[in-house]
Each structure stands twice: as C-alpha cells, then as structure tokens.
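Engineer: What follows is the file run_16.csv, containing CSV, C-alpha atoms:
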chain,number,residue,atom,x,y,z
A,13,MET,CA,-36.9,164.0,-0.6
A,14,SER,CA,-33.5,162.6,-1.2
A,15,ARG,CA,-30.6,164.9,-1.5
A,16,LEU,CA,-27.6,163.0,-2.8
A,17,TYR,CA,-25.5,166.0,-3.5
A,18,ALA,CA,-23.3,168.3,-1.4
A,19,LYS,CA,-24.2,172.0,-1.5
A,20,GLY,CA,-21.6,174.5,-2.7
A,21,ARG,CA,-21.3,178.1,-3.6
A,22,VAL,CA,-19.6,179.7,-6.6
A,23,LEU,CA,-16.9,182.0,-5.3
A,24,GLY,CA,-15.8,183.4,-8.6
A,25,PHE,CA,-13.4,182.7,-11.4
A,26,LYS,CA,-9.8,181.7,-11.1
A,27,ARG,CA,-8.0,185.0,-10.9
A,28,ALA,CA,-5.0,187.0,-10.0
A,29,LYS,CA,-5.4,190.5,-8.6
A,30,ARG,CA,-6.2,192.1,-12.0
A,31,ASN,CA,-6.8,189.3,-14.4
A,32,GLN,CA,-9.3,186.4,-14.3
A,33,ARG,CA,-9.5,183.2,-16.1
A,34,PRO,CA,-13.2,182.3,-16.7
A,35,ASP,CA,-12.6,178.7,-17.8
A,36,ILE,CA,-12.1,177.7,-14.2
A,37,SER,CA,-14.5,178.5,-11.3
A,38,LEU,CA,-13.8,178.4,-7.6
A,39,ILE,CA,-16.3,176.6,-5.5
A,40,GLN,CA,-16.7,176.4,-1.8
A,41,ILE,CA,-18.4,173.2,-0.6
A,42,GLU,CA,-20.4,173.3,2.6
A,43,GLY,CA,-18.6,171.5,5.5
A,44,VAL,CA,-15.3,171.2,3.8
A,45,LYS,CA,-12.8,173.2,5.8
A,46,THR,CA,-9.3,171.9,4.8
A,47,ALA,CA,-7.5,170.9,1.6
A,48,ALA,CA,-7.2,167.4,2.9
A,49,ASP,CA,-11.0,167.0,3.1
A,50,THR,CA,-11.3,168.0,-0.5
A,51,ASP,CA,-9.8,164.7,-1.6
A,52,PHE,CA,-13.3,163.1,-1.5
A,53,TYR,CA,-14.7,165.6,-3.9
A,54,LEU,CA,-12.0,165.6,-6.6
A,55,GLY,CA,-13.4,164.3,-9.9
A,56,LYS,CA,-17.0,164.6,-8.7
A,57,ARG,CA,-19.5,166.1,-11.1
A,58,VAL,CA,-20.9,169.5,-10.3
A,59,ALA,CA,-24.1,170.9,-11.6
A,60,PHE,CA,-25.0,174.6,-11.7
A,61,VAL,CA,-28.8,174.7,-11.9
A,62,TYR,CA,-30.6,177.8,-12.9
A,63,ARG,CA,-33.9,179.0,-14.2
A,64,ALA,CA,-34.6,180.7,-17.5
A,65,LYS,CA,-37.7,182.3,-19.0
A,66,ARG,CA,-37.8,180.3,-22.2
A,67,GLU,CA,-38.7,176.7,-22.1
A,68,VAL,CA,-36.2,174.3,-23.6
A,69,ASN,CA,-37.0,170.5,-24.0
A,70,GLY,CA,-40.0,170.9,-21.9
A,71,SER,CA,-38.4,172.6,-18.9
A,72,LYS,CA,-37.6,176.1,-17.7
A,73,ILE,CA,-34.8,174.8,-15.5
A,74,ARG,CA,-31.4,174.5,-17.1
A,75,CYS,CA,-28.1,173.0,-15.9
A,76,ILE,CA,-24.4,173.4,-16.7
A,77,TRP,CA,-22.4,170.4,-15.8
A,78,GLY,CA,-18.8,170.3,-14.8
A,79,ARG,CA,-16.2,168.5,-12.7
A,80,ILE,CA,-14.1,169.4,-9.6
A,81,THR,CA,-10.6,169.3,-10.7
A,82,ARG,CA,-8.4,170.2,-7.7
A,83,ALA,CA,-8.2,172.0,-4.4
A,84,HIS,CA,-7.8,175.7,-4.2
A,85,GLY,CA,-5.8,176.9,-1.3
A,86,GLY,CA,-5.6,175.3,2.1
A,87,SER,CA,-9.1,176.0,3.5
A,88,GLY,CA,-11.3,173.6,1.5
A,89,ALA,CA,-12.1,175.7,-1.6
A,90,VAL,CA,-12.0,173.8,-4.9
A,91,LYS,CA,-11.5,174.5,-8.6
A,92,ALA,CA,-14.0,173.3,-11.1
A,93,ARG,CA,-14.2,173.2,-14.9
A,94,PHE,CA,-17.5,173.3,-16.5
A,95,ARG,CA,-18.6,172.2,-20.0
A,96,ASN,CA,-19.3,175.8,-20.7
A,97,ASN,CA,-17.9,178.5,-18.6
A,98,LEU,CA,-20.2,179.7,-15.8
A,99,PRO,CA,-21.8,183.0,-16.3
A,100,ALA,CA,-20.5,185.7,-14.0
A,101,LYS,CA,-24.1,186.0,-12.8
A,102,SER,CA,-23.5,182.7,-10.9
A,103,PHE,CA,-21.1,184.2,-8.3
A,104,GLY,CA,-22.6,183.5,-5.0
A,105,ALA,CA,-25.1,181.1,-6.4
A,106,SER,CA,-25.5,177.5,-5.3
A,107,VAL,CA,-24.0,174.6,-7.0
A,108,ARG,CA,-24.6,170.9,-6.5
A,109,VAL,CA,-21.7,168.5,-6.1
A,110,VAL,CA,-23.3,165.2,-7.1
A,111,TRP,CA,-22.4,162.1,-5.2
A,112,GLU,CA,-22.6,159.3,-7.8
A,113,ILE,CA,-19.5,157.3,-7.2
A,114,ASP,CA,-18.5,155.6,-4.0
A,115,PHE,CA,-15.4,157.1,-2.5
A,116,VAL,CA,-13.9,153.9,-1.1
A,117,TYR,CA,-14.2,152.3,-4.5
A,118,LEU,CA,-12.7,155.3,-6.1
A,119,GLN,CA,-9.8,155.4,-3.7
A,120,ALA,CA,-9.0,151.8,-4.5
A,121,TRP,CA,-9.2,152.6,-8.2
A,122,ARG,CA,-6.9,155.6,-7.7
A,123,TYR,CA,-4.4,153.4,-5.8
A,124,VAL,CA,-4.3,150.8,-8.5
A,125,HIS,CA,-3.9,153.3,-11.3
A,126,LYS,CA,-1.3,155.5,-9.5
A,127,GLY,CA,1.4,153.8,-11.6
B,18,MET,CA,0.6,127.8,-12.5
B,19,VAL,CA,1.7,131.2,-13.6
B,20,HIS,CA,5.2,132.2,-12.8
B,21,LYS,CA,6.4,135.7,-12.3
B,22,PRO,CA,7.8,137.2,-15.5
B,23,ARG,CA,11.2,135.6,-16.4
B,24,ASN,CA,12.3,138.6,-18.4
B,25,SER,CA,12.0,142.3,-17.8
B,26,LEU,CA,12.6,145.5,-19.8
B,27,LEU,CA,15.7,147.6,-19.1
B,28,THR,CA,14.3,150.3,-21.3
B,29,ALA,CA,11.8,150.4,-24.1
B,30,GLY,CA,12.7,147.7,-26.6
B,31,VAL,CA,15.7,146.4,-24.7
B,32,ALA,CA,15.1,143.2,-22.7
B,33,LYS,CA,17.2,142.2,-19.8
B,34,TYR,CA,17.6,138.6,-21.0
B,35,SER,CA,18.3,137.4,-24.5
B,36,ARG,CA,16.2,134.9,-26.3
B,37,SER,CA,18.5,132.0,-25.5
B,38,GLN,CA,18.8,133.1,-21.9
B,39,VAL,CA,15.0,133.0,-21.5
B,40,TYR,CA,15.0,129.6,-23.2
B,41,ALA,CA,17.3,128.4,-20.5
B,42,LYS,CA,15.4,130.0,-17.7
B,43,ARG,CA,12.2,128.4,-18.9
B,44,ALA,CA,14.0,125.1,-19.0
B,45,LEU,CA,12.7,124.5,-22.5
B,46,TYR,CA,15.6,122.1,-23.1
B,47,LYS,CA,13.7,119.5,-21.1
B,48,ARG,CA,10.2,120.5,-22.0
B,49,LYS,CA,8.2,120.5,-25.2
B,50,PRO,CA,6.2,123.7,-25.4
B,51,ALA,CA,2.5,123.0,-26.2
B,52,GLY,CA,2.1,123.2,-30.0
B,53,ILE,CA,-0.7,125.0,-31.7
B,54,VAL,CA,-3.6,122.6,-32.1
B,55,ASN,CA,-4.6,122.4,-35.7
B,56,ALA,CA,-8.1,123.4,-36.5
B,57,ALA,CA,-10.3,121.2,-38.7
B,58,PRO,CA,-8.6,120.6,-42.0
B,59,ALA,CA,-9.5,123.2,-44.6
B,60,ALA,CA,-12.3,122.1,-46.9
B,61,ALA,CA,-11.1,121.0,-50.3
B,62,ASN,CA,-12.1,122.4,-53.6
B,63,LYS,CA,-15.2,120.8,-55.1
B,64,THR,CA,-15.2,119.6,-58.7
B,65,VAL,CA,-18.7,119.6,-60.3
B,66,GLU,CA,-19.8,118.1,-63.5
B,67,VAL,CA,-21.3,120.6,-66.0
B,68,LYS,CA,-23.8,119.6,-68.7
B,69,GLY,CA,-23.6,120.8,-72.3
B,70,ALA,CA,-21.2,119.9,-75.0
B,71,LYS,CA,-19.3,123.2,-75.1
B,72,ASN,CA,-18.9,123.8,-71.4
B,73,GLY,CA,-15.8,122.0,-70.7
B,74,GLY,CA,-17.2,119.0,-68.8
B,75,SER,CA,-16.4,120.1,-65.2
B,76,ARG,CA,-16.0,123.1,-63.1
B,77,VAL,CA,-13.8,123.6,-60.0
B,78,ILE,CA,-15.6,125.4,-57.2
B,79,ALA,CA,-13.3,127.0,-54.6
B,80,ALA,CA,-13.9,126.0,-51.0
B,81,SER,CA,-13.9,129.7,-50.0
B,82,LYS,CA,-15.5,132.2,-52.3
B,83,ALA,CA,-13.5,135.3,-53.3
B,84,PRO,CA,-15.0,138.5,-52.0
B,85,ARG,CA,-17.3,140.4,-54.3
B,86,PHE,CA,-16.0,143.7,-53.2
B,87,TYR,CA,-12.6,145.1,-52.5
B,88,ALA,CA,-12.0,148.4,-50.7
B,89,ALA,CA,-10.5,151.1,-53.0
B,90,GLU,CA,-7.8,151.9,-50.5
B,91,ASP,CA,-6.1,149.5,-48.0
B,92,VAL,CA,-7.9,149.7,-44.7
B,93,ALA,CA,-5.8,149.3,-41.6
B,94,VAL,CA,-6.8,146.1,-39.7
B,95,PRO,CA,-6.7,146.7,-36.0
B,96,LYS,CA,-4.6,144.3,-34.0
B,97,LYS,CA,-6.2,141.5,-32.1
B,98,HIS,CA,-7.0,142.0,-28.5
B,99,ARG,CA,-5.5,139.2,-26.4
B,100,LYS,CA,-6.2,140.8,-23.0
B,101,HIS,CA,-9.4,140.4,-21.2
B,102,ALA,CA,-10.7,142.5,-18.3
B,103,GLY,CA,-11.2,140.3,-15.3
B,104,THR,CA,-14.2,140.4,-13.1
B,105,ALA,CA,-14.3,143.4,-10.9
B,106,LYS,CA,-13.0,142.7,-7.4
B,107,LEU,CA,-15.7,142.9,-4.8
B,108,ARG,CA,-14.9,145.2,-1.9
B,109,SER,CA,-14.3,143.4,1.3
B,110,THR,CA,-17.0,145.4,3.0
B,111,ILE,CA,-19.6,144.0,0.6
B,112,VAL,CA,-20.8,140.6,1.7
B,113,PRO,CA,-24.1,138.7,1.0
B,114,GLY,CA,-26.7,140.5,3.2
B,115,THR,CA,-25.0,143.9,3.3
B,116,VAL,CA,-27.3,146.8,3.0
B,117,LEU,CA,-26.2,149.0,0.2
B,118,ILE,CA,-27.2,152.6,-0.7
B,119,LEU,CA,-27.8,153.1,-4.4
B,120,LEU,CA,-26.2,156.4,-5.6
B,121,ALA,CA,-27.4,156.6,-9.2
B,122,GLY,CA,-30.1,155.4,-11.4
B,123,ARG,CA,-33.9,155.3,-11.0
B,124,TYR,CA,-33.6,154.0,-7.4
B,125,ARG,CA,-31.0,156.4,-6.1
B,126,GLY,CA,-31.1,156.9,-2.4
B,127,LYS,CA,-32.8,153.6,-1.8
B,128,ARG,CA,-31.4,151.1,0.7
B,129,VAL,CA,-31.1,147.7,-0.7
B,130,VAL,CA,-29.9,144.2,0.2
B,131,PHE,CA,-26.9,142.7,-1.6
B,132,LEU,CA,-27.3,139.1,-2.7
B,133,LYS,CA,-24.4,138.1,-4.7
B,134,GLN,CA,-21.9,139.2,-7.4
B,135,LEU,CA,-22.6,138.0,-10.9
B,136,GLU,CA,-20.0,136.8,-13.5
B,137,SER,CA,-20.1,140.1,-15.2
B,138,GLY,CA,-18.9,141.8,-12.0
B,139,LEU,CA,-22.3,143.5,-11.3
B,140,LEU,CA,-24.0,143.1,-8.0
B,141,LEU,CA,-27.3,141.3,-7.7
B,142,VAL,CA,-29.5,143.3,-5.4
B,143,SER,CA,-33.1,143.2,-4.2
B,144,GLY,CA,-35.2,145.8,-2.2
B,145,PRO,CA,-36.9,143.5,-1.2
B,146,PHE,CA,-39.6,144.6,-3.5
B,147,LYS,CA,-42.3,144.6,-0.9
B,148,VAL,CA,-40.3,146.8,1.4
B,149,ASN,CA,-39.1,149.6,-0.9
B,150,GLY,CA,-40.1,148.8,-4.5
B,151,VAL,CA,-36.7,147.8,-5.7
B,152,PRO,CA,-36.9,144.6,-7.7
B,153,LEU,CA,-34.2,142.0,-8.3
B,154,LYS,CA,-31.7,144.1,-10.2
B,155,ARG,CA,-28.1,144.4,-11.2
B,156,VAL,CA,-26.0,147.2,-10.0
B,157,ASN,CA,-22.5,148.4,-10.5
B,158,GLN,CA,-20.2,148.3,-7.4
B,159,ALA,CA,-18.9,151.8,-8.1
B,160,TYR,CA,-22.3,153.5,-7.8
B,161,VAL,CA,-23.1,152.0,-4.4
B,162,ILE,CA,-22.2,152.8,-0.8
B,163,ALA,CA,-21.7,149.8,1.4
B,164,THR,CA,-23.1,150.3,4.9
B,165,SER,CA,-22.0,148.2,7.9
B,166,THR,CA,-25.6,147.0,8.4
B,167,LYS,CA,-26.0,143.4,7.4
B,168,VAL,CA,-29.0,141.2,6.9
B,169,ASP,CA,-28.4,137.6,7.9
B,170,ILE,CA,-29.0,135.6,4.7
B,171,ASP,CA,-27.4,132.5,3.4
B,172,ALA,CA,-25.8,133.1,0.0
B,173,SER,CA,-26.3,129.5,-1.1
B,174,LYS,CA,-30.1,129.9,-0.8
B,175,ILE,CA,-30.2,132.3,-3.7
B,176,ASP,CA,-31.6,130.7,-6.8
B,177,ALA,CA,-29.0,129.7,-9.3
B,178,GLN,CA,-31.2,130.9,-12.1
B,179,LEU,CA,-30.2,134.5,-11.2
B,180,ASN,CA,-27.3,135.3,-13.5
B,181,ASP,CA,-26.5,137.7,-16.2
B,182,ALA,CA,-28.5,135.8,-18.8
B,183,TYR,CA,-31.6,136.2,-16.7
B,184,PHE,CA,-31.4,139.9,-17.0
B,185,ALA,CA,-30.6,140.0,-20.7
B,186,ARG,CA,-33.1,142.1,-22.7
B,187,PRO,CA,-35.3,140.1,-25.1
B,188,LYS,CA,-34.4,140.8,-28.7
B,189,ALA,CA,-36.9,143.3,-30.3
B,190,THR,CA,-38.9,141.7,-33.0
B,191,LYS,CA,-38.5,143.0,-36.6
B,192,LYS,CA,-42.2,143.7,-36.8
B,193,ALA,CA,-41.8,147.0,-35.0
B,194,ALA,CA,-40.2,148.4,-38.2
B,195,THR,CA,-43.5,148.3,-40.1
B,196,GLU,CA,-45.5,151.4,-40.9
B,197,GLU,CA,-48.5,150.5,-38.8
B,198,ALA,CA,-46.3,150.2,-35.7
B,199,PHE,CA,-44.8,153.6,-36.5
B,200,PHE,CA,-48.2,155.2,-36.5
B,201,GLU,CA,-49.4,153.3,-33.6
B,202,GLY,CA,-46.9,154.9,-31.3
B,203,GLU,CA,-44.8,153.2,-28.7
B,204,LYS,CA,-45.7,149.7,-27.7
B,205,LYS,CA,-47.2,149.3,-24.3
B,206,LYS,CA,-44.8,147.9,-21.8
B,207,GLU,CA,-45.5,144.2,-21.3
B,208,PRO,CA,-46.1,143.0,-17.7
B,209,LEU,CA,-43.3,141.1,-16.1
B,210,ALA,CA,-43.1,137.4,-17.0
B,211,GLU,CA,-44.8,135.0,-14.5
B,212,ASN,CA,-41.7,133.1,-13.6
B,213,LYS,CA,-39.8,136.4,-12.9
B,214,VAL,CA,-42.6,137.5,-10.5
B,215,ALA,CA,-42.5,134.2,-8.8
B,216,LEU,CA,-38.7,134.3,-8.5
B,217,GLN,CA,-38.8,137.7,-7.0
B,218,LYS,CA,-41.3,136.6,-4.4
B,219,SER,CA,-39.4,133.5,-3.5
B,220,THR,CA,-36.1,135.3,-3.2
B,221,ASP,CA,-37.6,138.1,-1.1
B,222,LYS,CA,-39.3,135.6,1.2
B,223,VAL,CA,-36.0,134.4,2.5
B,224,ILE,CA,-34.7,138.0,2.9
B,225,LEU,CA,-37.8,139.2,4.6
B,226,GLU,CA,-37.6,136.4,7.2
B,227,ALA,CA,-34.2,137.6,8.1
B,228,ILE,CA,-35.2,141.3,8.1
B,229,ASN,CA,-38.2,140.8,10.4
B,230,LYS,CA,-36.0,139.4,13.0
B,231,VAL,CA,-34.2,142.6,13.5
B,232,GLU,CA,-35.9,145.6,15.1
B,233,HIS,CA,-36.4,148.6,12.9
B,234,LEU,CA,-34.6,147.0,9.9
B,235,ARG,CA,-37.7,147.0,7.7
B,236,GLN,CA,-38.3,150.7,8.3
B,237,TYR,CA,-34.7,151.4,7.7
B,238,LEU,CA,-34.8,149.6,4.3
B,239,SER,CA,-38.0,151.4,3.3
B,240,ALA,CA,-36.6,154.8,4.1
B,241,LYS,CA,-34.5,156.6,1.5
B,242,PHE,CA,-31.0,157.8,2.3
B,243,SER,CA,-30.7,161.6,2.2
B,244,LEU,CA,-28.1,164.2,3.2
B,245,SER,CA,-29.4,166.6,5.8
B,246,LYS,CA,-28.2,170.0,7.0
B,247,GLY,CA,-24.7,169.9,8.4
B,248,GLN,CA,-23.9,166.5,6.9
B,249,ALA,CA,-20.9,166.5,4.6
B,250,PRO,CA,-20.4,163.4,2.5
B,251,HIS,CA,-16.7,163.2,3.1
B,252,ALA,CA,-17.1,163.1,6.9
B,253,LEU,CA,-19.8,160.4,7.0
B,254,LYS,CA,-19.1,157.0,8.2
B,255,PHE,CA,-21.1,154.0,7.0
Represent the structure contained in this file as structure tokens.
Structural biologist:
Amino acid sequence: MSRLYAKGRVLGFKRAKRNQRPDISLIQIEGVKTAADTDFYLGKRVAFVYRAKREVNGSKIRCIWGRITRAHGGSGAVKARFRNNLPAKSFGASVRVVWEIDFVYLQAWRYVHKG
Amino acid sequence: MVHKPRNSLLTAGVAKYSRSQVYAKRALYKRKPAGIVNAAPAAANKTVEVKGAKNGGSRVIAASKAPRFYAAEDVAVPKKHRKHAGTAKLRSTIVPGTVLILLAGRYRGKRVVFLKQLESGLLLVSGPFKVNGVPLKRVNQAYVIATSTKVDIDASKIDAQLNDAYFARPKATKKAATEEAFFEGEKKKEPLAENKVALQKSTDKVILEAINKVEHLRQYLSAKFSLSKGQAPHALKF
C-alpha cells in the first residue's frame, strides 16, 4: 500500500500545570527530534482517524481534520489545531500528518511571501 | 522595456516625487505618451418610419436600449482588476523527463514522467500509461515531488496538440435536464475519444524507448512510492 503520511501521536492538550486549553493539541511526529526539523511539517494537514459504531455516509470510520500550526518546545513536538477539538479519548492515539504539498515548493512560496 | 519604478512611497499616500518631477523623470517633455485608441464609433440612433395617420410619422430608436430593471438600492460595483497572475515558475529541479511523485489525487504515490509545462502553469505528465496506468494528465507543481531521476526525452518531440484546450471538459448537453434522464440515472461514462487514445500511445512510445534503455527504470516507474518504517519525510532526499 502507499503510505503518504507521517505517523504521529497525540500527546495531550496545550496546558499549563493545572489548566488546559483543548482547542490546541500537542502532537509528536515519528522521527522528528528537534524543533528545526519541524519546519517541514508546519501547515501540513493532520487527520485523526477513528472508528465508531454508527455508520455515517456509508462508513464506520470517521476523521477529524486539522493543521499543524507551530513547534512545541525544542524536541520536535508540534501544536495542531483541529476543525473540532480532539476528544480527550485521543490521547496516545495515532494521527496522520498528510504529505500533500511538496516542501521545496512550499519553502520557495514562503520565501516569496515573507514580506 | 519595463523600467524600475520611478516613484516610491515615503508613507501611505505620500509619494517621494511630485507629479511634475515624475513627468521630468519620464522625459515626457520629449515623448508623446501613447494615447487611448478609440474603440469603434458608437452606433447612432436609428430613425424608423411608422405607418398610421396618428402615429407621428417616425420614431427614434436608441442605439442602446435602456435596461428594463433597476435595482432598488445602489449596488456597489467592484473595481476592475488590472493585475494578472503570471504563469507559475517551474522549479529548476523539474526538467522534461524528470520522474515526479504525485502526492495527491487519484494517482497519489505514483511515479510519473514530466513532459512539459502548459500555459496555465500546470505540468503535463504521463505514466506512461502502459507502465503504471497514469494517462496524459495535468498536474499542479505544488502537489508533486521532483526526484533526481531523469528519463532522456526530447521536449520538442511532444505533440503540440497537448495544451490546456486539449484537456478542457466537453460542455454537458442540455438534454440531461429532462425528466427521462433523471430517472435513467447517471449517464454511462463514454470511452475515450479515438484520437486521444492514439495520442497517448504515440507520446508514450517515445518515452518508453528512453525508459527501456535504463536498467530497472520501468520497474521503478511501475512501483508506487510509499513511506516505510523509520522514514521521516523531512529527512528524505530525492
């Protein structure tokens, strides 16, 4: 089969010690160990894929889409915003960071629009 | 010949050079700026003879009819766009014959040969069809990875017929809106036109000749690209 996405794990919500902000989730992407490496993934779409009992539109598999917004810390973790907040059940679950746009092209685009 | 701008903005609404200074910079004192070319002269009003004793003899028909309908409130008219987006610049790594990996769409993951860039900026690409089932197709540069593998093809050999108009969708006939068509269900997909099949074959023939000369290249093109365990996209080199 053809895997065109990077695997990631949901670490939890953005949080301080005692308060959490569920609109932003923290994601750890496999193989990404430093904040410099995360540059490739910024802006990439992320999909949280999960199964449910009830069939919707002909499928029991559902998906929440989001985007990676910025790095989190210095060790390669990343913040992502989803269309709808991720359920807390997703902590530790896998997430797909989809590779749809070519990075070299995106870098050139970013350079032109840096302003 | 376009010169760099002769004026600049000091701040919003405040230009560095005044109107007369720019006039001098442009040397308009010794040039006549190209005037606006007048369009065809406006059609004149027509005078028509009318029969009947009490109808006044003649009627003047305006060249342009007044509209039948006026909006109740004034509608804002958007300003005219004078800027045009240019053709997307082709990456230097993409050259006729480059093997590309498609990242999105029906054929995602497929390795495909780049033929040429079309006027719209899209890339013309072919599997070749025999090798991996990808037909002659247009693809956007952004959704494609350029690999360093190149197939030795001559860009000038590609048929000139292959341009954006070739790929335009045929306009749907109005007949589909009738009731019978509605109950009939979706129309069966028509087979590809004869000339398109022939063009696919002839284009691919040239590419296949070049592919067969290189060892393993045909198998490479028929295999799909996939990430495997331990491979992180940001670290891969193509």
Engineer: What separation in Å, quoted to one decimal, exists between atom CA of A:Arg15 and atom CA of A:Thr50?
Structural biologist: 19.6 Å
Engineer: So which residues are close to (-8.1, 165.0, -7.3), meaning at most 12 Å away in the file's coordinates with all atoms listed in the file counted, and can you show them as a list in words?
Structural biologist: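 Collected hits near the coordinates: Ala47, Ala48, Asp49, Thr50, Asp51, Phe52, Tyr53, Leu54, Gly55, Lys56, Arg79, Ile80, Thr81, Arg82, Ala83, His84, Val90, Lys91, Ala92, Phe115, Leu118, Gln119, Arg122 and Lys126 of chain A.
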Engineer: How many Å separate atom CA of B:Leu119 from atom CA of B:Ile162?
Structural biologist: 6.7 Å
Engineer: Enter the distance from atom CA of B:Ala163 to atom CA of B:Phe184, in Å, rounded to one decimal.
Structural biologist: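 Result for atom CA of B:Ala163 versus atom CA of B:Phe184: 23.0 Å, one decimal.
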Engineer: Quick check: residues of chain B within 10 Å of chain A, only C-alpha atoms, returned as a short mmCIF file (atom, residue, chain, number, x, y, z; two decimals) with C-alpha atoms, in the coordinates of the input.
Structural biologist:
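Result file follows (iface04.cif):
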data_model
loop_
_atom_site.label_atom_id
_atom_site.label_comp_id
_atom_site.auth_asym_id
_atom_site.auth_seq_id
_atom_site.Cartn_x
_atom_site.Cartn_y
_atom_site.Cartn_z
CA LEU B 107 -15.70 142.90 -4.80
CA ARG B 108 -14.90 145.20 -1.90
CA THR B 110 -17.00 145.40 3.00
CA ILE B 118 -27.20 152.60 -0.70
CA LEU B 119 -27.80 153.10 -4.40
CA LEU B 120 -26.20 156.40 -5.60
CA ALA B 121 -27.40 156.60 -9.20
CA GLY B 122 -30.10 155.40 -11.40
CA ARG B 125 -31.00 156.40 -6.10
CA GLY B 126 -31.10 156.90 -2.40
CA LYS B 127 -32.80 153.60 -1.80
CA ASN B 157 -22.50 148.40 -10.50
CA GLN B 158 -20.20 148.30 -7.40
CA ALA B 159 -18.90 151.80 -8.10
CA TYR B 160 -22.30 153.50 -7.80
CA VAL B 161 -23.10 152.00 -4.40
CA ILE B 162 -22.20 152.80 -0.80
CA ALA B 163 -21.70 149.80 1.40
CA ALA B 240 -36.60 154.80 4.10
CA LYS B 241 -34.50 156.60 1.50
CA PHE B 242 -31.00 157.80 2.30
CA SER B 243 -30.70 161.60 2.20
CA LEU B 244 -28.10 164.20 3.20
CA SER B 245 -29.40 166.60 5.80
CA LYS B 246 -28.20 170.00 7.00
CA GLY B 247 -24.70 169.90 8.40
CA GLN B 248 -23.90 166.50 6.90
CA ALA B 249 -20.90 166.50 4.60
CA PRO B 250 -20.40 163.40 2.50
CA HIS B 251 -16.70 163.20 3.10
CA ALA B 252 -17.10 163.10 6.90
#
Engineer: Determine, counting all atoms listed in the file, which protein, DNA and RNA residues have an atom within 10 Å of an atom of A:Arg63; residues of the same chain fewer than 2 positions away are not included. Present the result as a PyMOL selection string.
Structural biologist: chain A and resi 61+65-67+71-75
Engineer: Could I get stretch 64-76 of chain A rebuilt with N, CA and C atoms, written as a PDB file, keeping the file's coordinate frame?
Structural biologist:
ATOM      1  N   ALA A  64     -34.616 179.775 -16.357  1.00  0.00           N
ATOM      2  CA  ALA A  64     -34.600 180.700 -17.500  1.00  0.00           C
ATOM      3  C   ALA A  64     -36.079 180.944 -17.885  1.00  0.00           C
ATOM      4  N   LYS A  65     -36.334 181.989 -18.670  1.00  0.00           N
ATOM      5  CA  LYS A  65     -37.700 182.300 -19.000  1.00  0.00           C
ATOM      6  C   LYS A  65     -38.225 181.412 -20.117  1.00  0.00           C
ATOM      7  N   ARG A  66     -37.341 181.067 -21.049  1.00  0.00           N
ATOM      8  CA  ARG A  66     -37.800 180.300 -22.200  1.00  0.00           C
ATOM      9  C   ARG A  66     -37.692 178.821 -21.899  1.00  0.00           C
ATOM     10  N   GLU A  67     -38.698 178.088 -22.364  1.00  0.00           N
ATOM     11  CA  GLU A  67     -38.700 176.700 -22.100  1.00  0.00           C
ATOM     12  C   GLU A  67     -37.871 175.929 -23.140  1.00  0.00           C
ATOM     13  N   VAL A  68     -37.033 175.034 -22.680  1.00  0.00           N
ATOM     14  CA  VAL A  68     -36.200 174.300 -23.600  1.00  0.00           C
ATOM     15  C   VAL A  68     -36.388 172.788 -23.265  1.00  0.00           C
ATOM     16  N   ASN A  69     -36.742 171.981 -24.267  1.00  0.00           N
ATOM     17  CA  ASN A  69     -37.000 170.500 -24.000  1.00  0.00           C
ATOM     18  C   ASN A  69     -37.962 170.303 -22.895  1.00  0.00           C
ATOM     19  N   GLY A  70     -38.987 171.159 -22.832  1.00  0.00           N
ATOM     20  CA  GLY A  70     -40.000 170.900 -21.900  1.00  0.00           C
ATOM     21  C   GLY A  70     -39.752 171.402 -20.459  1.00  0.00           C
ATOM     22  N   SER A  71     -38.687 172.181 -20.265  1.00  0.00           N
ATOM     23  CA  SER A  71     -38.400 172.600 -18.900  1.00  0.00           C
ATOM     24  C   SER A  71     -37.807 174.029 -18.904  1.00  0.00           C
ATOM     25  N   LYS A  72     -38.141 174.802 -17.867  1.00  0.00           N
ATOM     26  CA  LYS A  72     -37.600 176.100 -17.700  1.00  0.00           C
ATOM     27  C   LYS A  72     -36.309 176.098 -16.867  1.00  0.00           C
ATOM     28  N   ILE A  73     -35.975 174.920 -16.385  1.00  0.00           N
ATOM     29  CA  ILE A  73     -34.800 174.800 -15.500  1.00  0.00           C
ATOM     30  C   ILE A  73     -33.662 174.261 -16.397  1.00  0.00           C
ATOM     31  N   ARG A  74     -32.500 174.881 -16.276  1.00  0.00           N
ATOM     32  CA  ARG A  74     -31.400 174.500 -17.100  1.00  0.00           C
ATOM     33  C   ARG A  74     -30.176 174.177 -16.167  1.00  0.00           C
ATOM     34  N   CYS A  75     -29.202 173.521 -16.763  1.00  0.00           N
ATOM     35  CA  CYS A  75     -28.100 173.000 -15.900  1.00  0.00           C
ATOM     36  C   CYS A  75     -26.794 173.096 -16.711  1.00  0.00           C
ATOM     37  N   ILE A  76     -25.731 173.514 -16.049  1.00  0.00           N
ATOM     38  CA  ILE A  76     -24.400 173.400 -16.700  1.00  0.00           C
ATOM     39  C   ILE A  76     -23.607 172.421 -15.845  1.00  0.00           C
TER      40      ILE A  76
END
